[in-house]
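In what follows, a structure is listed as C-alpha cells, so that the remarks can point back to it.
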Amino acid sequence: MSRSVRTLLLLILSCAGVATAQEFQPPRVRSGAGGKGLGLFGFGVRGGVDLGSGQMVFGTTLDIGDLFSPRLRLRPSAEVGVFKGDNSYVGSFEALYRFTGDDETAIPYIGGGMSLAGHADCGRDPNCPSAWVNLVFGFELHYKSTFNWLIEYHAMDALRRNRVYIGLTTRRGN
C-alpha cells in the first residue's frame with residue numbers, strides 16, 4: 001500500500017468520528033398574538049380496535065395549532081376500520097386540552113369534537129354518512145426527542161362506539 005493511500009485512509013478514519021449523524025432538533029414553536037398559533041406542528045399515526053365491532057382501526061392525526069393557549073390543541077384525524085364487516089371511514093376534528101407542558105415525560109389530555117363517519121356501502125344507506133360527537137382521553141409518553149408514544153381512548157357517536165389506539169406522534173420543539 002502506497003504512502004499516499006495510507007495517509008488518505010488515516011485522514012478518512014480520523015474524520016469519521018466528527019461526521020457522525022446528528023439527531024434532528026425541531027425548531028422552537030412560537031404562538032401568535034393572543035396565544036393562537038395555526039400551522040402544521042406535527043403528525044401522528046395510530047392503530048387500534050373498535051371494541052364493539054372488533055374492527056382493526058388505522059389512522060393518522062395532525063397537530064394544526066393552539067387555541068387560546070399552548071395547551072389547547074386543534075387536531076384533525078382520519079381513520080379506516082378494516083376486517084370484520086364493511087370497511088368504515090371516519091374523519092374527525094377535535095380540540096384537546098393537555099394537562100402538562102410538552103417537556104414532561106407523560107402528557108395526559110382530554111378533549112372532544114365531531115366526526116363524519118361512513119362505511120363501504122354508504123351509497124345505499126340512507127343514514128350514511130353520520131355525524132358523531134366524540135370524547136377523547138389519552139396520554140403521550142416521551143419516546144425520543146422528536147417522538148412520543150400515544151395511548152388513547154375514543155368514545156364516539158355519543159358514547160355508542162368505543163375505540164382504543166396506540167401510536168407514535170411527533171413532539172413540538174422546545
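Identifiers in the C-alpha cells: chain A, B, ... in order shown; residue index from 1 per chain; ligand index from 1 in order shown.
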Inset, instruction - Considering only C-alpha atoms, return as a ChimeraX atom specification whatever protein or nucleic-acid residues lie within 12 Å of A:Ala158, sequence-local ones (same chain, fewer than 2 positions apart) excluded. - result: /A:112-115,130-136,154-156,160-162
Prev. selection, C-alpha atoms, output as a PDB file, in the first residue's frame:
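Full text of again-v6.pdb as output:
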ATOM      1  CA  GLY A 112     -63.918  16.430  22.331  1.00  0.00           C
ATOM      2  CA  GLY A 113     -65.029  17.013  18.809  1.00  0.00           C
ATOM      3  CA  MET A 114     -67.079  15.929  15.843  1.00  0.00           C
ATOM      4  CA  SER A 115     -66.695  13.175  13.256  1.00  0.00           C
ATOM      5  CA  SER A 130     -73.337  10.027  10.048  1.00  0.00           C
ATOM      6  CA  ALA A 131     -72.224  12.922  12.254  1.00  0.00           C
ATOM      7  CA  TRP A 132     -70.797  11.755  15.601  1.00  0.00           C
ATOM      8  CA  VAL A 133     -69.949  13.557  18.832  1.00  0.00           C
ATOM      9  CA  ASN A 134     -66.655  12.330  20.343  1.00  0.00           C
ATOM     10  CA  LEU A 135     -64.865  12.338  23.697  1.00  0.00           C
ATOM     11  CA  VAL A 136     -61.122  11.699  23.864  1.00  0.00           C
ATOM     12  CA  HIS A 154     -62.185   7.433  21.985  1.00  0.00           C
ATOM     13  CA  ALA A 155     -65.838   7.395  22.972  1.00  0.00           C
ATOM     14  CA  MET A 156     -67.515   8.097  19.623  1.00  0.00           C
ATOM     15  CA  ARG A 160     -72.196   4.307  21.437  1.00  0.00           C
ATOM     16  CA  ARG A 161     -68.837   3.330  19.886  1.00  0.00           C
ATOM     17  CA  ASN A 162     -65.568   2.850  21.729  1.00  0.00           C
TER      18      ASN A 162
END
Inset, instruction - Write out as a list in words all residues of stretch 1-169 of chain A that DSSP puts in helix (DSSP H, G or I) for this structure's backbone. - result: Arg3, Ser4, Val5, Arg6, Thr7, Leu8, Leu9, Leu10, Leu11, Ile12, Leu13, Ser14, Cys15, Ala16, Ala33, Gly34, Gly35, Cys122, Gly123 and Arg124 of chain A
Wanna dump the stretch 112-138 of chain A-stretch 64-88 of chain A contacts at 10 Å for me, each residue with its shortest atom pair and the distance in Å to one decimal, counting only C-alpha atoms, ordered by chain and number, as a Markdown table?
| residue | atom | partner | partner_atom | distance |
| --- | --- | --- | --- | --- |
| A:Gly113 | CA | A:Arg75 | CA | 9.2 |
| A:Met114 | CA | A:Pro76 | CA | 9.6 |
| A:Ser115 | CA | A:Ser77 | CA | 9.1 |
| A:Leu116 | CA | A:Ala78 | CA | 9.7 |
| A:Ala117 | CA | A:Ser88 | CA | 7.3 |
| A:Gly118 | CA | A:Ser88 | CA | 5.8 |
| A:His119 | CA | A:Ser88 | CA | 4.1 |
| A:Ala120 | CA | A:Asn87 | CA | 5.3 |
| A:Asp121 | CA | A:Asp86 | CA | 7.3 |
| A:Cys122 | CA | A:Ser88 | CA | 9.3 |
Write the selection just made, keeping C-alpha atoms, as an mmCIF file, in the first residue's frame?
data_model
loop_
_atom_site.group_PDB
_atom_site.id
_atom_site.type_symbol
_atom_site.label_atom_id
_atom_site.label_comp_id
_atom_site.auth_asym_id
_atom_site.auth_seq_id
_atom_site.Cartn_x
_atom_site.Cartn_y
_atom_site.Cartn_z
ATOM 1 C CA GLY A 113 -65.029 17.013 18.809
ATOM 2 C CA MET A 114 -67.079 15.929 15.843
ATOM 3 C CA SER A 115 -66.695 13.175 13.256
ATOM 4 C CA LEU A 116 -68.166 12.370 9.886
ATOM 5 C CA ALA A 117 -68.410 8.583 9.570
ATOM 6 C CA GLY A 118 -69.236 6.305 6.684
ATOM 7 C CA HIS A 119 -68.768 2.726 5.533
ATOM 8 C CA ALA A 120 -68.180 0.742 2.336
ATOM 9 C CA ASP A 121 -71.896 0.613 1.359
ATOM 10 C CA CYS A 122 -72.604 4.227 2.300
#
I'd like the neighbourhood of A:Gly101 as a CSV table (one decimal) with N, CA and C atoms, in the first residue's frame, where a residue qualifies if any of its atoms comes within 12 Å (using only C-alpha atoms), though same-chain residues fewer than 2 positions away should be ignored.
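Output file around_19.csv is given in full below:
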chain,number,residue,atom,x,y,z
A,69,SER,N,-54.4,29.0,24.1
A,69,SER,CA,-53.3,28.6,25.0
A,69,SER,C,-52.5,27.5,24.3
A,70,PRO,N,-51.2,27.3,24.6
A,70,PRO,CA,-50.4,26.2,24.0
A,70,PRO,C,-50.9,24.9,24.5
A,71,ARG,N,-51.7,24.8,25.5
A,71,ARG,CA,-52.2,23.5,26.0
A,71,ARG,C,-53.5,23.1,25.3
A,72,LEU,N,-54.2,24.0,24.7
A,72,LEU,CA,-55.5,23.7,24.0
A,72,LEU,C,-55.2,23.5,22.5
A,73,ARG,N,-55.1,22.3,22.0
A,73,ARG,CA,-54.7,22.0,20.7
A,73,ARG,C,-55.8,21.6,19.8
A,97,TYR,N,-57.3,19.3,25.4
A,97,TYR,CA,-56.6,20.1,26.5
A,97,TYR,C,-55.6,19.2,27.1
A,98,ARG,N,-54.3,19.7,27.1
A,98,ARG,CA,-53.2,18.9,27.6
A,98,ARG,C,-52.9,19.4,29.0
A,99,PHE,N,-52.9,18.5,30.0
A,99,PHE,CA,-52.8,18.9,31.4
A,99,PHE,C,-51.4,19.4,31.8
A,103,ASP,N,-42.7,19.4,27.7
A,103,ASP,CA,-41.4,18.9,28.2
A,103,ASP,C,-41.6,17.8,29.2
A,104,GLU,N,-42.8,17.4,29.6
A,104,GLU,CA,-43.0,16.4,30.6
A,104,GLU,C,-42.8,15.0,30.0
A,105,THR,N,-42.5,14.0,30.8
A,105,THR,CA,-42.4,12.6,30.4
A,105,THR,C,-43.7,12.0,30.0
A,106,ALA,N,-44.8,12.3,30.7
A,106,ALA,CA,-46.1,11.9,30.4
A,106,ALA,C,-47.0,13.1,30.3
A,107,ILE,N,-47.8,13.1,29.2
A,107,ILE,CA,-48.7,14.3,29.0
A,107,ILE,C,-50.1,13.8,28.8
A,108,PRO,N,-50.9,13.8,29.9
A,108,PRO,CA,-52.3,13.4,29.8
A,108,PRO,C,-53.1,14.5,29.2
A,109,TYR,N,-54.2,14.1,28.5
A,109,TYR,CA,-55.1,15.1,27.8
A,109,TYR,C,-56.5,14.5,27.7
A,140,GLU,N,-49.6,11.0,26.1
A,140,GLU,CA,-48.4,10.8,25.4
A,140,GLU,C,-47.3,10.5,26.3
A,142,HIS,N,-43.1,10.2,26.6
A,142,HIS,CA,-41.8,10.5,25.9
A,142,HIS,C,-41.1,9.3,25.4
A,171,ARG,N,-43.1,15.3,18.4
A,171,ARG,CA,-43.1,16.3,19.5
A,171,ARG,C,-42.8,17.6,18.9
A,172,ARG,N,-43.5,18.6,19.5
A,172,ARG,CA,-43.1,20.0,19.2
A,172,ARG,C,-41.8,20.4,19.7
A,173,GLY,N,-41.2,21.4,19.1
A,173,GLY,CA,-39.9,21.9,19.5
A,173,GLY,C,-39.9,22.5,20.9
A,174,ASN,N,-38.8,22.5,21.6
A,174,ASN,CA,-38.8,23.0,23.0
A,174,ASN,C,-38.2,24.4,22.9
Legend entry - Contacts of A:Thr170 within 9 Å, only C-alpha atoms, excl. fewer than 4 positions in-chain, as a PyMOL selection string: chain A and resi 41-44+63+145-149
Inset, instruction - Would you mind reading off the distance between atom CA of A:Val45 and atom CA of A:Ile166, one decimal, in Å? - result: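 Here the two named atoms are 8.6 Å from each other.
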Legend entry - For A:Phe137, the nearest of the candidates A:Gly123, A:Arg163, A:Asp157, A:Leu51, counting only C-alpha atoms: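 Of A:Gly123, A:Arg163, A:Asp157, A:Leu51, the one nearest A:Phe137 is A:Arg163, counting only C-alpha atoms.
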Inset, instruction - Find the distance between atom CA of A:Tyr153 and atom CA of A:Gly59 and write it in Å to one decimal. - result: 13.6 Å
Legend entry - Residue among A:Ile110, A:Arg124, A:Arg6, A:Ser53 lying closest to A:Glu152, counting only C-alpha atoms: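 Under the stated criterion, the closest residue is A:Ile110.
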Legend entry - Which of stretch 89-172 of chain A fall in strand (DSSP E), as a PyMOL selection string: chain A and resi 89-98+106-119+130-144+147-156+161-170
